file coords_17.cif (mmCIF, C-alpha atoms)
data_run
#
loop_
_atom_site.label_atom_id
_atom_site.label_comp_id
_atom_site.auth_asym_id
_atom_site.auth_seq_id
_atom_site.Cartn_x
_atom_site.Cartn_y
_atom_site.Cartn_z
CA MET A 1 0.60 7.31 -3.30
CA ALA A 2 -1.53 5.10 -1.12
CA ILE A 3 -1.75 1.79 -2.96
CA PRO A 4 -3.29 -1.30 -1.32
CA GLU A 5 -1.62 -3.91 -3.44
CA LEU A 6 1.10 -6.48 -3.45
CA LYS A 7 2.99 -7.80 -6.46
CA TYR A 8 0.55 -10.72 -6.80
CA GLY A 9 -3.24 -10.94 -6.74
CA PRO A 10 -5.14 -12.44 -3.80
CA ALA A 11 -5.59 -15.93 -5.30
CA THR A 12 -1.91 -16.18 -6.24
CA LEU A 13 -0.90 -15.08 -2.74
CA ARG A 14 -3.13 -17.77 -1.21
CA ALA A 15 -1.75 -20.40 -3.60
CA ARG A 16 1.87 -19.46 -2.85
CA TYR A 17 1.67 -18.74 0.88
CA GLY A 18 -1.56 -20.31 2.14
CA ALA A 19 -3.18 -18.59 5.10
CA LEU A 20 -0.27 -16.14 5.32
CA GLY A 21 -0.94 -14.98 1.74
CA ALA A 22 -4.61 -14.43 2.49
CA ARG A 23 -3.68 -12.50 5.62
CA MET A 24 -1.15 -10.34 3.72
CA HIS A 25 -3.80 -9.41 1.16
CA ALA A 26 -6.37 -8.63 3.86
CA GLU A 27 -3.94 -6.54 5.90
CA VAL A 28 -2.88 -4.44 2.92
CA ASN A 29 -6.53 -3.60 2.27
CA GLU A 30 -7.23 -2.96 5.97
CA ALA A 31 -4.22 -0.63 6.13
CA PHE A 32 -5.53 1.34 3.14
CA ASP A 33 -8.99 1.65 4.71
CA HIS A 34 -7.40 2.70 8.01
CA LEU A 35 -5.29 5.37 6.30
CA GLU A 36 -8.29 6.84 4.48
CA ALA A 37 -10.36 6.88 7.68
CA LEU A 38 -7.51 8.36 9.71
CA ILE A 39 -7.02 11.18 7.23
CA VAL A 40 -10.73 12.05 7.39
CA ASP A 41 -11.41 11.41 11.08
CA GLU A 42 -8.29 13.17 12.36
CA HIS A 43 -8.34 15.99 9.78
CA VAL A 44 -4.88 15.22 8.43
CA ALA A 45 -4.34 17.95 5.82
CA CYS A 46 -2.31 16.00 3.26
CA ASP A 47 -4.19 16.78 0.04
CA TYR A 48 -5.49 13.20 -0.15
CA GLU A 49 -7.57 12.30 -3.18
CA ARG A 50 -8.85 8.90 -4.29
CA THR A 51 -7.38 8.86 -7.79
CA GLY A 52 -7.19 5.27 -8.97
CA GLN A 53 -4.17 3.75 -10.65
CA LEU A 54 -3.67 2.52 -14.19
CA TYR A 55 -1.27 -0.22 -15.29
CA LEU A 56 -0.62 -0.41 -19.02
CA ALA A 57 0.41 -3.28 -21.29
CA HIS A 58 3.37 -2.10 -23.35
CA THR A 59 3.33 -5.30 -25.40
CA PRO A 60 0.57 -7.75 -26.34
CA ARG A 61 2.21 -10.49 -24.26
CA VAL A 62 1.39 -8.58 -21.03
CA VAL A 63 -2.37 -8.46 -21.71
CA PRO A 64 -3.15 -12.01 -20.46
CA HIS A 65 -1.32 -11.25 -17.19
CA LEU A 66 -3.34 -8.06 -16.70
CA ARG A 67 -6.60 -9.88 -17.45
CA HIS A 68 -5.68 -12.56 -14.90
CA LEU A 69 -4.87 -9.88 -12.33
CA VAL A 70 -8.30 -8.31 -12.87
CA GLU A 71 -10.02 -11.71 -12.48
CA GLU A 72 -8.27 -12.30 -9.14
CA HIS A 73 -9.14 -8.92 -7.71
CA VAL A 74 -12.74 -8.91 -8.98
CA ALA A 75 -13.23 -12.39 -7.50
CA ALA A 76 -12.10 -10.91 -4.17
CA GLY A 77 -14.75 -8.19 -4.51
CA GLU A 78 -12.41 -5.34 -5.39
CA PRO A 79 -13.19 -2.51 -7.83
CA VAL A 80 -10.69 -3.37 -10.56
CA ARG A 81 -11.39 -3.31 -14.28
CA PHE A 82 -9.65 -4.21 -17.51
CA VAL A 83 -9.49 -1.54 -20.21
CA PRO A 84 -9.13 -3.01 -23.72
CA ARG A 85 -6.92 -1.26 -26.23
CA ASP A 86 -9.91 0.16 -28.11
CA ASP A 87 -11.10 1.94 -24.94
CA LEU A 88 -7.74 3.34 -23.83
CA ALA A 89 -8.10 6.56 -25.82
CA ALA A 90 -11.13 7.46 -23.68
CA GLU A 91 -9.18 6.58 -20.52
CA ILE A 92 -5.81 8.23 -21.24
CA GLY A 93 -6.06 9.93 -24.62
CA SER A 94 -3.85 7.39 -26.37
CA ASP A 95 -4.18 3.97 -27.97
CA ALA A 96 -0.42 3.34 -28.00
CA PHE A 97 -0.76 0.56 -25.42
CA HIS A 98 -2.34 -2.89 -25.74
CA GLY A 99 -4.64 -2.73 -22.72
CA GLY A 100 -4.69 -1.64 -19.12
CA VAL A 101 -5.97 -2.30 -15.62
CA VAL A 102 -7.58 0.34 -13.42
CA PHE A 103 -7.42 -0.13 -9.65
CA ASP A 104 -10.01 2.25 -8.17
CA ARG A 105 -8.81 1.88 -4.56
CA THR A 106 -5.66 3.99 -4.69
CA GLY A 107 -5.05 7.57 -3.78
CA GLY A 108 -2.58 10.39 -4.06
CA LEU A 109 -1.38 12.51 -1.17
CA HIS A 110 1.32 14.97 -0.16
CA PRO A 111 3.82 12.78 1.76
CA ALA A 112 5.41 15.57 3.82
CA ARG A 113 1.98 16.81 4.91
CA LEU A 114 0.91 13.26 5.79
CA HIS A 115 4.11 12.85 7.82
CA ALA A 116 3.52 16.14 9.65
CA GLY A 117 -0.09 15.19 10.38
CA LEU A 118 0.85 11.75 11.70
CA ALA A 119 3.65 13.23 13.81
CA ARG A 120 1.16 15.72 15.29
CA LEU A 121 -1.24 12.90 16.15
CA ALA A 122 1.54 10.85 17.74
CA LEU A 123 2.83 13.74 19.82
CA ASP A 124 -0.71 14.66 20.91
CA ALA A 125 -1.14 11.05 22.07
CA GLY A 126 2.04 11.24 24.19
CA ALA A 127 4.52 9.59 21.86
CA GLN A 128 8.15 10.58 21.85
CA ILE A 129 9.75 11.05 18.42
CA LEU A 130 13.51 10.72 18.04
CA ASP A 131 14.78 11.58 14.60
CA ARG A 132 18.15 10.55 13.22
CA CYS A 133 18.28 7.54 15.54
CA ALA A 134 18.63 4.31 13.59
CA ALA A 135 17.18 1.09 14.96
CA THR A 136 19.86 -1.60 14.84
CA GLY A 137 18.03 -4.58 16.32
CA LEU A 138 14.76 -5.88 17.73
CA ASP A 139 14.17 -8.48 20.44
CA ASP A 140 10.83 -9.98 21.47
CA VAL A 141 11.12 -10.31 25.25
CA GLY A 142 7.74 -11.92 25.92
CA ARG A 143 6.13 -8.96 27.67
CA GLY A 144 7.05 -6.54 24.88
CA HIS A 145 10.00 -5.65 22.72
CA TRP A 146 13.43 -4.17 23.05
CA VAL A 147 14.39 -1.93 20.17
CA HIS A 148 18.15 -1.49 20.01
CA THR A 149 19.16 1.93 18.65
CA GLU A 150 22.32 3.93 18.20
CA ARG A 151 21.43 5.75 21.43
CA GLY A 152 20.47 2.75 23.56
CA VAL A 153 17.60 0.33 24.09
CA VAL A 154 13.94 1.35 24.02
CA GLU A 155 11.28 -0.86 25.63
CA ALA A 156 8.00 -0.94 23.71
CA ASP A 157 4.69 -2.76 23.98
CA HIS A 158 4.21 -2.52 20.21
CA VAL A 159 6.61 -2.05 17.32
CA ILE A 160 5.66 -1.05 13.79
CA VAL A 161 8.24 -1.80 11.11
CA THR A 162 7.73 0.13 7.88
CA THR A 163 9.56 0.32 4.59
CA ASN A 164 9.14 1.96 1.24
CA ALA A 165 7.44 0.27 -1.72
CA TYR A 166 10.69 -1.21 -3.02
CA ALA A 167 11.99 -2.92 0.12
#

call {"tool": "encode", "arguments": {"input": "coords_17.cif", "output": "structure tokens"}}
result
Amino acid sequence: MAIPELKYGPATLRARYGALGARMHAEVNEAFDHLEALIVDEHVACDYERTGQLYLAHTPRVVPHLRHLVEEHVAAGEPVRFVPRDDLAAEIGSDAFHGGVVFDRTGGLHPARLHAGLARLALDAGAQILDRCAATGLDDVGRGHWVHTERGVVEADHVIVTTNAYA
């Protein structure tokens, strides 16, 4: 899944973290836009489809939180909508939940195909890929970075640190 969201909405991020929170929200959305454009522009065959994502309220007490989340995202100009319980049957074929939120800006993809496509792009651009080589440390040395690995130190102008959704 390609999901441009953080645990909190944009207003909550700004309230908690100030300018950093606003930047985090903006960068998540920019990364999503970049991924979609990269897939199209570079013909990455990863079965990408803009699917949307639905969060459901399992209990009535969750509904106010979901409504607040919608308000934050809509205020930021994002295509997010609340689905009341009475309309859920049309959305998912069930009214067993108490409400839901639909985030339109999410997509599904085949992760192994995305990985292969990105690896192809990197190799075509001259990158060197070393698998099974854990990074053990990172130093900013002013003119770049030193990435310490199990096989030695790599000097890099730029370093991208990535994790999974649960890190």

call {"tool": "atom_distance", "arguments": {"input": "coords_17.cif", "atom1": "CA of Tyr55 (chain A)", "atom2": "CA of Ile92 (chain A)"}}
result
11.3 Å

call {"tool": "residues_around", "arguments": {"input": "coords_17.cif", "residues": "His158 (chain A)", "least_positions_apart": "4", "cutoff": "10 Å", "atoms": "all atoms listed in the file", "output": "ChimeraX atom specification"}}
result
/A:144-146

call {"tool": "residues_near_point", "arguments": {"input": "coords_17.cif", "point": "(-6.6, -1.1, -6.9)", "cutoff": "7 Å", "atoms": "only C-alpha atoms", "output": "list in words"}}
result
Ile3, Pro4, Glu5, Gly52, Gln53, Pro79, Val80, Val102, Phe103, Asp104, Arg105 and Thr106 of chain A

call {"tool": "closest_residue", "arguments": {"input": "coords_17.cif", "among": "A:Met1, A:Val101, A:Ala125, A:Leu130", "to": "Glu36 (chain A)", "atoms": "all atoms listed in the file"}}
result
A:Met1

call {"tool": "atom_distance", "arguments": {"input": "coords_17.cif", "atom1": "CA of Asp47 (chain A)", "atom2": "CA of His25 (chain A)"}}
result
26.2 Å

call {"tool": "atom_distance", "arguments": {"input": "coords_17.cif", "atom1": "CA of Gly100 (chain A)", "atom2": "CA of Val83 (chain A)"}}
result
4.9 Å

call {"tool": "closest_residue", "arguments": {"input": "coords_17.cif", "among": "A:Arg50, A:His43, A:Arg67, A:Arg120", "to": "Arg81 (chain A)", "atoms": "all atoms listed in the file"}}
result
A:Arg67

call {"tool": "closest_residue", "arguments": {"input": "coords_17.cif", "among": "A:Leu6, A:Leu54, A:Ala22, A:Ala134", "to": "Val153 (chain A)", "atoms": "all atoms listed in the file"}}
result
A:Ala134

call {"tool": "closest_residue", "arguments": {"input": "coords_17.cif", "among": "A:Leu88, A:Gly117, A:Leu109, A:Thr12", "to": "Glu49 (chain A)", "atoms": "all atoms listed in the file"}}
result
A:Leu109

call {"tool": "resolve_selection", "arguments": {"input": "coords_17.cif", "expression": "the PyMOL selection byres ((chain A and resi 26) around 12)", "output": "ChimeraX atom specification"}}
result
/A:4-6,9-11,13-14,19-25,27-33,73,76-78

call {"tool": "write_last_selection", "arguments": {"input": "coords_17.cif", "atoms": "C-alpha atoms", "output": "short mmCIF file (atom, residue, chain, number, x, y, z; two decimals), in the frame of the given file"}}
result
data_model
loop_
_atom_site.label_atom_id
_atom_site.label_comp_id
_atom_site.auth_asym_id
_atom_site.auth_seq_id
_atom_site.Cartn_x
_atom_site.Cartn_y
_atom_site.Cartn_z
CA PRO A 4 -3.29 -1.30 -1.32
CA GLU A 5 -1.62 -3.91 -3.44
CA LEU A 6 1.10 -6.48 -3.45
CA GLY A 9 -3.24 -10.94 -6.74
CA PRO A 10 -5.14 -12.44 -3.80
CA ALA A 11 -5.59 -15.93 -5.30
CA LEU A 13 -0.90 -15.08 -2.74
CA ARG A 14 -3.13 -17.77 -1.21
CA ALA A 19 -3.18 -18.59 5.10
CA LEU A 20 -0.27 -16.14 5.32
CA GLY A 21 -0.94 -14.98 1.74
CA ALA A 22 -4.61 -14.43 2.49
CA ARG A 23 -3.68 -12.50 5.62
CA MET A 24 -1.15 -10.34 3.72
CA HIS A 25 -3.80 -9.41 1.16
CA GLU A 27 -3.94 -6.54 5.90
CA VAL A 28 -2.88 -4.44 2.92
CA ASN A 29 -6.53 -3.60 2.27
CA GLU A 30 -7.23 -2.96 5.97
CA ALA A 31 -4.22 -0.63 6.13
CA PHE A 32 -5.53 1.34 3.14
CA ASP A 33 -8.99 1.65 4.71
CA HIS A 73 -9.14 -8.92 -7.71
CA ALA A 76 -12.10 -10.91 -4.17
CA GLY A 77 -14.75 -8.19 -4.51
CA GLU A 78 -12.41 -5.34 -5.39
#

call {"tool": "residues_near_point", "arguments": {"input": "coords_17.cif", "point": "(-0.9, 0.2, -27.8)", "cutoff": "12 Å", "atoms": "all atoms listed in the file", "output": "number ranges by chain"}}
result
A: 56-63, 83-89, 92-100

call {"tool": "closest_residue", "arguments": {"input": "coords_17.cif", "among": "A:Cys133, A:Val40, A:Phe82, A:His115", "to": "His65 (chain A)", "atoms": "all atoms listed in the file"}}
result
A:Phe82

call {"tool": "axis_aligned_box", "arguments": {"input": "coords_17.cif", "around": "region 79-86 of chain A", "padding_each_side": "5 Å", "output": "JSON"}}
result
{"center_x": -10.1, "center_y": -2.0, "center_z": -18.0, "size_x": 16.3, "size_y": 14.4, "size_z": 30.3}

call {"tool": "residues_around", "arguments": {"input": "coords_17.cif", "residues": "Gln128 (chain A)", "least_positions_apart": "6", "cutoff": "12 Å", "atoms": "all atoms listed in the file", "output": "MDAnalysis selection string"}}
result
chainID A and resid 119:122 154 156

call {"tool": "closest_residue", "arguments": {"input": "coords_17.cif", "among": "A:Glu42, A:Thr136, A:Asp157, A:Tyr48", "to": "His110 (chain A)", "atoms": "all atoms listed in the file"}}
result
A:Tyr48

call {"tool": "residues_around", "arguments": {"input": "coords_17.cif", "residues": "Ala135 (chain A)", "least_positions_apart": "3", "cutoff": "7 Å", "atoms": "only C-alpha atoms", "output": "compact mmCIF listing (two decimals) with C-alpha atoms, in the frame of the given file"}}
result
# COMPACT_ATOMS: atom_id res chain seq x y z
CA VAL A 147 14.39 -1.93 20.17
CA HIS A 148 18.15 -1.49 20.01
CA THR A 149 19.16 1.93 18.65
CA GLU A 150 22.32 3.93 18.20
